[in-house]
file data10.cif (mmCIF, C-alpha atoms, pLDDT in the B column; chains and numbers go by the auth columns)
data_work
#
loop_
_atom_site.group_PDB
_atom_site.id
_atom_site.type_symbol
_atom_site.label_atom_id
_atom_site.label_comp_id
_atom_site.label_asym_id
_atom_site.label_seq_id
_atom_site.Cartn_x
_atom_site.Cartn_y
_atom_site.Cartn_z
_atom_site.B_iso_or_equiv
_atom_site.auth_seq_id
_atom_site.auth_asym_id
ATOM 1 C CA MET A 1 11.504 159.852 84.243 47.00 35 A
ATOM 2 C CA ILE A 2 14.021 157.965 82.239 50.00 36 A
ATOM 3 C CA ASN A 3 16.765 158.607 84.783 53.00 37 A
ATOM 4 C CA ILE A 4 14.620 157.318 87.611 48.00 38 A
ATOM 5 C CA ARG A 5 13.973 153.987 85.912 52.00 39 A
ATOM 6 C CA PHE A 6 17.695 153.624 85.193 47.00 40 A
ATOM 7 C CA ASN A 7 18.641 154.114 88.830 52.00 41 A
ATOM 8 C CA GLN A 8 16.017 151.648 89.950 51.00 42 A
ATOM 9 C CA LYS A 9 17.441 149.061 87.585 51.00 43 A
ATOM 10 C CA LYS A 10 20.921 149.596 88.942 52.00 44 A
ATOM 11 C CA ILE A 11 19.643 149.144 92.475 49.00 45 A
ATOM 12 C CA ARG A 12 17.903 145.911 91.550 52.00 46 A
ATOM 13 C CA ILE A 13 21.097 144.494 89.944 51.00 47 A
ATOM 14 C CA ALA A 14 23.234 145.436 92.904 50.00 48 A
ATOM 15 C CA GLY A 15 20.809 143.754 95.240 51.00 49 A
ATOM 16 C CA LYS A 16 21.315 140.408 93.515 54.00 50 A
ATOM 17 C CA GLN A 17 25.128 140.272 94.340 54.00 51 A
ATOM 18 C CA LYS A 18 26.167 137.873 97.161 61.00 52 A
ATOM 19 C CA GLY A 19 29.493 137.396 99.183 66.00 53 A
ATOM 20 C CA PHE A 20 31.096 134.372 100.941 69.00 54 A
ATOM 21 C CA THR A 21 29.244 132.862 103.802 79.00 55 A
ATOM 22 C CA LEU A 22 30.923 131.726 107.012 75.00 56 A
ATOM 23 C CA VAL A 23 30.565 128.119 105.888 75.00 57 A
ATOM 24 C CA ASP A 24 32.368 128.888 102.623 73.00 58 A
ATOM 25 C CA ILE A 25 35.258 130.491 104.521 78.00 59 A
ATOM 26 C CA LEU A 26 35.559 127.569 106.954 79.00 60 A
ATOM 27 C CA VAL A 27 35.562 125.026 104.113 78.00 61 A
ATOM 28 C CA GLY A 28 38.217 127.015 102.283 77.00 62 A
ATOM 29 C CA LEU A 29 40.412 127.228 105.364 82.00 63 A
ATOM 30 C CA ALA A 30 40.061 123.491 105.958 80.00 64 A
ATOM 31 C CA MET A 31 41.080 122.699 102.386 84.00 65 A
ATOM 32 C CA ALA A 32 44.046 125.083 102.603 81.00 66 A
ATOM 33 C CA SER A 33 45.136 123.488 105.886 80.00 67 A
ATOM 34 C CA VAL A 34 45.011 119.999 104.395 81.00 68 A
ATOM 35 C CA LEU A 35 47.018 121.175 101.390 82.00 69 A
ATOM 36 C CA MET A 36 49.585 122.882 103.619 82.00 70 A
ATOM 37 C CA VAL A 37 50.001 119.808 105.825 78.00 71 A
ATOM 38 C CA ALA A 38 50.491 117.626 102.747 77.00 72 A
ATOM 39 C CA THR A 39 53.069 120.063 101.344 77.00 73 A
ATOM 40 C CA VAL A 40 55.020 120.251 104.622 72.00 74 A
ATOM 41 C CA SER A 41 54.931 116.459 104.929 71.00 75 A
ATOM 42 C CA LEU A 42 56.239 116.067 101.386 70.00 76 A
ATOM 43 C CA PHE A 43 59.112 118.494 101.939 65.00 77 A
ATOM 44 C CA THR A 44 59.964 116.829 105.277 65.00 78 A
ATOM 45 C CA THR A 45 60.098 113.407 103.633 66.00 79 A
ATOM 46 C CA LEU A 46 62.220 114.698 100.763 62.00 80 A
ATOM 47 C CA GLY A 47 64.586 116.452 103.183 61.00 81 A
ATOM 48 C CA ARG A 48 64.953 113.345 105.290 62.00 82 A
ATOM 49 C CA SER A 49 65.604 111.236 102.200 65.00 83 A
ATOM 50 C CA TYR A 50 68.177 113.754 100.948 57.00 84 A
ATOM 51 C CA THR A 51 69.989 113.735 104.316 61.00 85 A
ATOM 52 C CA THR A 52 69.956 109.941 104.499 59.00 86 A
ATOM 53 C CA GLN A 53 71.311 109.582 100.969 64.00 87 A
ATOM 54 C CA ASN A 54 74.094 112.096 101.623 65.00 88 A
ATOM 55 C CA VAL A 55 75.100 110.341 104.836 60.00 89 A
ATOM 56 C CA ALA A 56 74.946 106.958 103.097 62.00 90 A
ATOM 57 C CA ALA A 57 77.246 108.202 100.336 66.00 91 A
ATOM 58 C CA ASP A 58 79.661 109.625 102.895 67.00 92 A
ATOM 59 C CA VAL A 59 79.666 106.394 104.920 65.00 93 A
ATOM 60 C CA GLN A 60 80.255 104.350 101.774 69.00 94 A
ATOM 61 C CA GLN A 61 83.150 106.584 100.751 71.00 95 A
ATOM 62 C CA VAL A 62 84.768 106.474 104.201 69.00 96 A
ATOM 63 C CA THR A 63 84.418 102.696 104.339 73.00 97 A
ATOM 64 C CA ARG A 64 85.991 102.164 100.930 76.00 98 A
ATOM 65 C CA ALA A 65 88.767 104.673 101.606 76.00 99 A
ATOM 66 C CA GLY A 66 89.674 102.972 104.885 75.00 100 A
ATOM 67 C CA ILE A 67 89.772 99.558 103.220 83.00 101 A
ATOM 68 C CA GLU A 68 91.813 100.779 100.230 84.00 102 A
ATOM 69 C CA LEU A 69 94.497 102.331 102.454 83.00 103 A
ATOM 70 C CA MET A 70 94.949 99.045 104.296 88.00 104 A
ATOM 71 C CA ILE A 71 94.871 96.990 101.092 90.00 105 A
ATOM 72 C CA GLN A 72 97.766 98.899 99.547 88.00 106 A
ATOM 73 C CA GLN A 73 100.071 98.249 102.479 89.00 107 A
ATOM 74 C CA ILE A 74 98.937 94.725 103.362 91.00 108 A
ATOM 75 C CA ARG A 75 99.782 93.727 99.794 90.00 109 A
ATOM 76 C CA MET A 76 103.333 94.884 100.509 89.00 110 A
ATOM 77 C CA ALA A 77 103.652 92.832 103.705 90.00 111 A
ATOM 78 C CA GLY A 78 106.873 90.830 103.551 89.00 112 A
ATOM 79 C CA PHE A 79 108.354 92.906 100.718 90.00 113 A
ATOM 80 C CA ASP A 80 112.041 91.957 100.857 90.00 114 A
ATOM 81 C CA PRO A 81 113.800 92.259 97.473 88.00 115 A
ATOM 82 C CA SER A 82 117.267 91.620 98.934 85.00 116 A
ATOM 83 C CA GLY A 83 116.166 88.587 100.934 84.00 117 A
ATOM 84 C CA SER A 84 118.077 89.816 103.980 84.00 118 A
ATOM 85 C CA ALA A 85 115.507 92.027 105.722 83.00 119 A
ATOM 86 C CA THR A 86 113.337 89.111 106.943 85.00 120 A
ATOM 87 C CA ALA A 87 110.181 91.133 106.302 87.00 121 A
ATOM 88 C CA ALA A 88 107.002 89.274 107.255 88.00 122 A
ATOM 89 C CA ILE A 89 103.659 89.318 109.053 90.00 123 A
ATOM 90 C CA VAL A 90 104.569 89.315 112.732 89.00 124 A
ATOM 91 C CA SER A 91 102.911 88.917 116.125 85.00 125 A
ATOM 92 C CA ASN A 92 104.289 92.180 117.538 85.00 126 A
ATOM 93 C CA PHE A 93 107.230 94.588 117.405 85.00 127 A
ATOM 94 C CA ASP A 94 108.696 93.715 120.842 84.00 128 A
ATOM 95 C CA ASP A 95 112.398 93.245 121.540 78.00 129 A
ATOM 96 C CA THR A 96 111.769 89.502 121.934 77.00 130 A
ATOM 97 C CA SER A 97 111.051 89.602 118.181 76.00 131 A
ATOM 98 C CA VAL A 98 114.356 91.445 117.466 76.00 132 A
ATOM 99 C CA PHE A 99 112.763 94.906 117.447 81.00 133 A
ATOM 100 C CA ASP A 100 113.908 97.841 119.514 76.00 134 A
ATOM 101 C CA ASN A 101 112.567 97.940 123.060 77.00 135 A
ATOM 102 C CA ALA A 102 110.911 101.309 122.337 76.00 136 A
ATOM 103 C CA HIS A 103 108.160 99.270 120.665 80.00 137 A
ATOM 104 C CA ASN A 104 107.550 96.980 123.633 80.00 138 A
ATOM 105 C CA GLY A 105 103.865 96.773 124.506 82.00 139 A
ATOM 106 C CA GLN A 106 102.838 99.032 121.657 82.00 140 A
ATOM 107 C CA VAL A 107 101.458 96.342 119.340 84.00 141 A
ATOM 108 C CA ALA A 108 99.504 93.257 120.409 79.00 142 A
ATOM 109 C CA ASP A 109 99.512 89.917 118.623 79.00 143 A
ATOM 110 C CA THR A 110 98.173 89.758 115.093 82.00 144 A
ATOM 111 C CA ASP A 111 94.599 88.576 115.551 82.00 145 A
ATOM 112 C CA ALA A 112 91.014 89.132 114.411 84.00 146 A
ATOM 113 C CA ILE A 113 91.068 92.883 115.138 86.00 147 A
ATOM 114 C CA GLN A 114 94.713 93.765 114.585 90.00 148 A
ATOM 115 C CA ILE A 115 97.438 93.036 112.064 91.00 149 A
ATOM 116 C CA ALA A 116 101.155 93.848 112.180 91.00 150 A
ATOM 117 C CA PHE A 117 103.791 93.336 109.506 92.00 151 A
ATOM 118 C CA THR A 118 107.089 94.634 108.172 90.00 152 A
ATOM 119 C CA THR A 119 108.267 95.590 104.718 91.00 153 A
ATOM 120 C CA ASP A 120 111.594 96.755 103.328 90.00 154 A
ATOM 121 C CA ALA A 121 110.097 99.866 101.724 88.00 155 A
ATOM 122 C CA ASP A 122 113.418 101.575 100.958 87.00 156 A
ATOM 123 C CA MET A 123 114.993 98.295 99.745 88.00 157 A
ATOM 124 C CA ASP A 124 118.140 98.723 101.862 86.00 158 A
ATOM 125 C CA GLY A 125 118.154 95.112 103.035 87.00 159 A
ATOM 126 C CA ARG A 126 117.044 95.860 106.609 85.00 160 A
ATOM 127 C CA ILE A 127 113.916 96.698 108.560 85.00 161 A
ATOM 128 C CA ASP A 128 114.196 100.171 110.065 83.00 162 A
ATOM 129 C CA ASN A 129 112.992 99.842 113.667 78.00 163 A
ATOM 130 C CA CYS A 130 114.795 102.331 115.890 69.00 164 A
ATOM 131 C CA ARG A 131 117.483 99.939 117.074 51.00 165 A
ATOM 132 C CA ASN A 132 119.722 102.628 118.581 48.00 166 A
ATOM 133 C CA GLY A 133 120.825 100.599 121.603 46.00 167 A
ATOM 134 C CA ASP A 134 120.945 103.410 124.187 50.00 168 A
ATOM 135 C CA GLY A 135 117.255 103.459 125.148 49.00 169 A
ATOM 136 C CA SER A 136 116.524 106.848 123.591 52.00 170 A
ATOM 137 C CA PHE A 137 113.769 107.438 121.061 51.00 171 A
ATOM 138 C CA LYS A 138 115.944 109.084 118.446 58.00 172 A
ATOM 139 C CA CYS A 139 116.502 106.877 115.416 61.00 173 A
ATOM 140 C CA PRO A 140 119.807 106.760 113.579 64.00 174 A
ATOM 141 C CA VAL A 141 119.854 108.016 110.012 65.00 175 A
ATOM 142 C CA GLU A 142 119.662 104.495 108.601 65.00 176 A
ATOM 143 C CA ASP A 143 116.352 103.954 110.428 68.00 177 A
ATOM 144 C CA ASP A 144 114.626 107.082 109.141 70.00 178 A
ATOM 145 C CA ASN A 145 112.123 105.070 107.089 79.00 179 A
ATOM 146 C CA ILE A 146 110.679 103.216 110.079 81.00 180 A
ATOM 147 C CA GLU A 147 107.276 104.799 109.516 81.00 181 A
ATOM 148 C CA ASN A 148 106.888 102.845 106.268 85.00 182 A
ATOM 149 C CA GLU A 149 108.498 99.600 107.394 88.00 183 A
ATOM 150 C CA LEU A 150 106.799 98.789 110.714 89.00 184 A
ATOM 151 C CA ILE A 151 103.096 98.799 109.963 90.00 185 A
ATOM 152 C CA ALA A 152 100.131 97.793 112.081 91.00 186 A
ATOM 153 C CA TYR A 153 96.395 98.492 112.071 92.00 187 A
ATOM 154 C CA ARG A 154 93.801 98.166 114.804 90.00 188 A
ATOM 155 C CA LEU A 155 90.345 99.343 115.829 89.00 189 A
ATOM 156 C CA ASN A 156 90.272 101.527 118.925 88.00 190 A
ATOM 157 C CA ASN A 157 87.300 103.519 120.260 86.00 191 A
ATOM 158 C CA GLY A 158 85.515 103.545 116.912 85.00 192 A
ATOM 159 C CA ALA A 159 88.526 104.655 114.851 85.00 193 A
ATOM 160 C CA ILE A 160 90.976 102.673 112.752 87.00 194 A
ATOM 161 C CA GLU A 161 94.466 103.471 113.961 89.00 195 A
ATOM 162 C CA LYS A 162 97.791 102.987 112.247 89.00 196 A
ATOM 163 C CA TYR A 163 100.972 102.388 114.172 88.00 197 A
ATOM 164 C CA ARG A 164 103.495 105.174 113.724 79.00 198 A
ATOM 165 C CA GLY A 165 106.865 103.765 114.602 75.00 199 A
ATOM 166 C CA ALA A 166 108.840 106.922 113.877 65.00 200 A
ATOM 167 C CA SER A 167 110.842 108.298 116.756 51.00 201 A
ATOM 168 C CA GLY A 168 110.330 111.615 118.440 50.00 202 A
ATOM 169 C CA VAL A 169 109.760 113.157 121.829 47.00 203 A
ATOM 170 C CA SER A 170 106.801 110.902 122.500 57.00 204 A
ATOM 171 C CA GLY A 171 108.247 107.845 120.794 62.00 205 A
ATOM 172 C CA PRO A 172 106.233 105.306 118.810 70.00 206 A
ATOM 173 C CA GLN A 173 102.490 105.778 118.931 79.00 207 A
ATOM 174 C CA TRP A 174 99.152 104.979 117.325 86.00 208 A
ATOM 175 C CA GLU A 175 97.468 107.570 115.124 85.00 209 A
ATOM 176 C CA ALA A 176 93.845 107.538 113.931 84.00 210 A
ATOM 177 C CA PHE A 177 93.337 107.776 110.187 79.00 211 A
ATOM 178 C CA THR A 178 89.514 107.539 110.227 76.00 212 A
ATOM 179 C CA GLU A 179 86.818 109.299 112.205 74.00 213 A
ATOM 180 C CA ASN A 180 85.206 107.625 115.212 77.00 214 A
ATOM 181 C CA ASN A 181 82.447 106.053 113.136 80.00 215 A
ATOM 182 C CA VAL A 182 83.816 102.536 112.615 83.00 216 A
ATOM 183 C CA SER A 183 81.663 99.997 114.421 84.00 217 A
ATOM 184 C CA SER A 184 83.674 96.882 113.534 87.00 218 A
ATOM 185 C CA LEU A 185 86.916 95.776 111.919 89.00 219 A
ATOM 186 C CA ALA A 186 87.757 92.119 111.398 91.00 220 A
ATOM 187 C CA PHE A 187 90.724 90.309 109.863 93.00 221 A
ATOM 188 C CA THR A 188 90.489 86.684 108.741 93.00 222 A
ATOM 189 C CA TYR A 189 93.689 84.920 107.667 94.00 223 A
ATOM 190 C CA PHE A 190 94.194 82.120 105.154 94.00 224 A
ATOM 191 C CA ASP A 191 97.154 79.939 104.188 92.00 225 A
ATOM 192 C CA ARG A 192 98.198 79.056 100.632 90.00 226 A
ATOM 193 C CA ASP A 193 95.564 76.311 100.518 91.00 227 A
ATOM 194 C CA ASN A 194 92.818 78.792 101.477 92.00 228 A
ATOM 195 C CA ASN A 195 92.444 77.265 104.920 94.00 229 A
ATOM 196 C CA PRO A 196 91.870 79.625 107.871 93.00 230 A
ATOM 197 C CA THR A 197 94.980 80.073 110.002 91.00 231 A
ATOM 198 C CA VAL A 198 96.146 82.066 113.014 87.00 232 A
ATOM 199 C CA ASP A 199 99.840 81.358 112.509 89.00 233 A
ATOM 200 C CA PRO A 200 101.581 84.511 111.178 88.00 234 A
ATOM 201 C CA ASN A 201 104.140 82.323 109.398 87.00 235 A
ATOM 202 C CA MET A 202 101.395 80.608 107.397 90.00 236 A
ATOM 203 C CA ILE A 203 99.370 83.634 106.315 91.00 237 A
ATOM 204 C CA ALA A 204 99.117 84.066 102.553 91.00 238 A
ATOM 205 C CA SER A 205 95.986 86.214 102.256 93.00 239 A
ATOM 206 C CA VAL A 206 93.808 88.367 104.484 93.00 240 A
ATOM 207 C CA ARG A 207 90.102 89.094 104.344 93.00 241 A
ATOM 208 C CA ILE A 208 89.207 92.535 105.700 92.00 242 A
ATOM 209 C CA SER A 209 85.686 93.387 106.812 90.00 243 A
ATOM 210 C CA LEU A 210 84.920 96.956 107.835 86.00 244 A
ATOM 211 C CA THR A 211 81.607 98.394 109.039 85.00 245 A
ATOM 212 C CA THR A 212 81.078 102.153 109.286 82.00 246 A
ATOM 213 C CA GLN A 213 77.999 103.969 110.542 80.00 247 A
ATOM 214 C CA GLU A 214 76.809 107.535 111.003 76.00 248 A
ATOM 215 C CA PRO A 215 73.626 109.142 112.365 71.00 249 A
ATOM 216 C CA ALA A 216 71.317 110.531 109.695 69.00 250 A
ATOM 217 C CA GLY A 217 69.024 112.718 111.812 66.00 251 A
ATOM 218 C CA ARG A 218 65.469 111.429 112.001 65.00 252 A
ATOM 219 C CA GLY A 219 66.410 108.909 109.330 59.00 253 A
ATOM 220 C CA GLY A 220 68.166 106.892 112.019 74.00 254 A
ATOM 221 C CA VAL A 221 71.652 105.435 111.603 75.00 255 A
ATOM 222 C CA VAL A 222 73.155 104.583 108.225 75.00 256 A
ATOM 223 C CA SER A 223 75.507 101.596 108.271 78.00 257 A
ATOM 224 C CA ARG A 224 77.640 100.142 105.498 79.00 258 A
ATOM 225 C CA THR A 225 79.856 97.049 105.511 84.00 259 A
ATOM 226 C CA TYR A 226 82.599 96.448 102.971 85.00 260 A
ATOM 227 C CA SER A 227 84.630 93.252 102.734 87.00 261 A
ATOM 228 C CA THR A 228 87.483 92.278 100.496 90.00 262 A
ATOM 229 C CA ARG A 229 90.287 89.754 100.377 93.00 263 A
ATOM 230 C CA VAL A 230 93.929 90.736 99.915 92.00 264 A
ATOM 231 C CA ARG A 231 96.686 88.444 98.721 91.00 265 A
ATOM 232 C CA CYS A 232 100.011 89.039 100.447 89.00 266 A
ATOM 233 C CA ARG A 233 101.931 88.670 97.201 86.00 267 A
ATOM 234 C CA ASN A 234 105.368 89.128 98.775 86.00 268 A
ATOM 235 C CA ILE A 235 105.003 86.423 101.407 81.00 269 A
ATOM 236 C CA GLY A 236 106.965 83.252 100.741 66.00 270 A
ATOM 237 C CA LEU A 237 108.908 84.548 97.748 59.00 271 A
#

call {"tool": "encode", "arguments": {"input": "data10.cif", "output": "structure tokens"}}
result
Amino acid sequence: MINIRFNQKKIRIAGKQKGFTLVDILVGLAMASVLMVATVSLFTTLGRSYTTQNVAADVQQVTRAGIELMIQQIRMAGFDPSGSATAAIVSNFDDTSVFDNAHNGQVADTDAIQIAFTTDADMDGRIDNCRNGDGSFKCPVEDDNIENELIAYRLNNGAIEKYRGASGVSGPQWEAFTENNVSSLAFTYFDRDNNPTVDPNMIASVRISLTTQEPAGRGGVVSRTYSTRVRCRNIGL
């Protein structure tokens, strides 16, 4: 008799237990879906921000590096310790400007998007410029430093290019020293009185403005502009 009452009690307790209803399950799934969407959205936003920041840092670094390379050499424009090399900012490297005819047509006039100048880098009292006289591209030994003495920069197809005047099978040529992500390059020239000028003989300082941009996925395009002014400290000495 005692055992029977015990079993009945157990049955009554078990009968009071309830599970999840269909409504409970649907509400739970809806809440989980909302939470999942919010989580995915958060991670997407963070990923996009991370990508954009990385691209922005890379663009900033490329822009500064491109400017710094030009600054170092533009500061040396007209370097002529002996006074006999006639180093200066020039319009071009053509034979009409006493350069070898191998450079004809290679460098346009110094203007808003291009600058050309010479410097006596090896201090031998002359500008090495492949003046070999026989029309060949091979430089004599005394002109082996031409690469550092005939210098020009320009923007071409999104890349900053530097003029390489050294001789060889292909002769003088332009070589890119940045990737194709430069959207603009501008040179502004000033005389000793800080007045704008376009006369190469009057240039005392140069303002360089460089804009670089790169795609950053769904974050769009990241663009950075860096400007600085360089004094041509060897001009007019």

call {"tool": "atom_distance", "arguments": {"input": "data10.cif", "atom1": "atom CA of Phe151 of chain A", "atom2": "atom CA of Gln247 of chain A"}}
result
27.9 Å

call {"tool": "atom_distance", "arguments": {"input": "data10.cif", "atom1": "atom CA of Ile180 of chain A", "atom2": "atom CA of Gln140 of chain A"}}
result
14.6 Å

call {"tool": "residues_near_point", "arguments": {"input": "data10.cif", "point": "(97.2, 93.7, 108.7)", "cutoff": "6 Å", "atoms": "all atoms listed in the file", "output": "list in words"}}
result
Ile108, Ile149, Ala150 and Tyr187 of chain A

call {"tool": "resolve_selection", "arguments": {"input": "data10.cif", "expression": "the PyMOL selection byres ((chain A and resi 116) around 10)", "output": "list in words"}}
result
Phe113, Asp114, Pro115, Gly117, Ser118, Ala119, Thr120, Asp154, Met157, Asp158, Gly159 and Arg160 of chain A

call {"tool": "resolve_selection", "arguments": {"input": "data10.cif", "expression": "the PyMOL selection byres ((chain A and resi 96-100) around 12)", "output": "PyMOL selection string"}}
result
chain A and resi 89-95+101-107+187-189+193-196+210-219+242-248+257-262

call {"tool": "resolve_selection", "arguments": {"input": "data10.cif", "expression": "the PyMOL selection byres ((chain A and resi 240) around 10)", "output": "list in words"}}
result
Ile105, Ile108, Arg109, Ile149, Ala220, Phe221, Thr222, Tyr223, Phe224, Asp225, Pro230, Ile237, Ala238, Ser239, Arg241, Ile242, Ser243, Thr262, Arg263, Val264, Arg265 and Cys266 of chain A

call {"tool": "atom_distance", "arguments": {"input": "data10.cif", "atom1": "atom CA of Asp143 of chain A", "atom2": "atom CA of Asn268 of chain A"}}
result
20.7 Å

call {"tool": "closest_residue", "arguments": {"input": "data10.cif", "among": "A:Ala155, A:Ile269, A:Val74, A:Val256", "to": "Val124 of chain A", "atoms": "only C-alpha atoms"}}
result
A:Ile269

call {"tool": "closest_residue", "arguments": {"input": "data10.cif", "among": "A:Glu183, A:Asp145, A:Asp58, A:Asp162", "to": "Asp233 of chain A", "atoms": "only C-alpha atoms"}}
result
A:Asp145

call {"tool": "axis_aligned_box", "arguments": {"input": "data10.cif", "around": "segment 216-225 of chain A", "padding_each_side": "4 Å", "output": "AutoDock Vina command-line options"}}
result
--center_x 89.4 --center_y 91.2 --center_z 109.3 --size_x 23.5 --size_y 30.6 --size_z 18.2
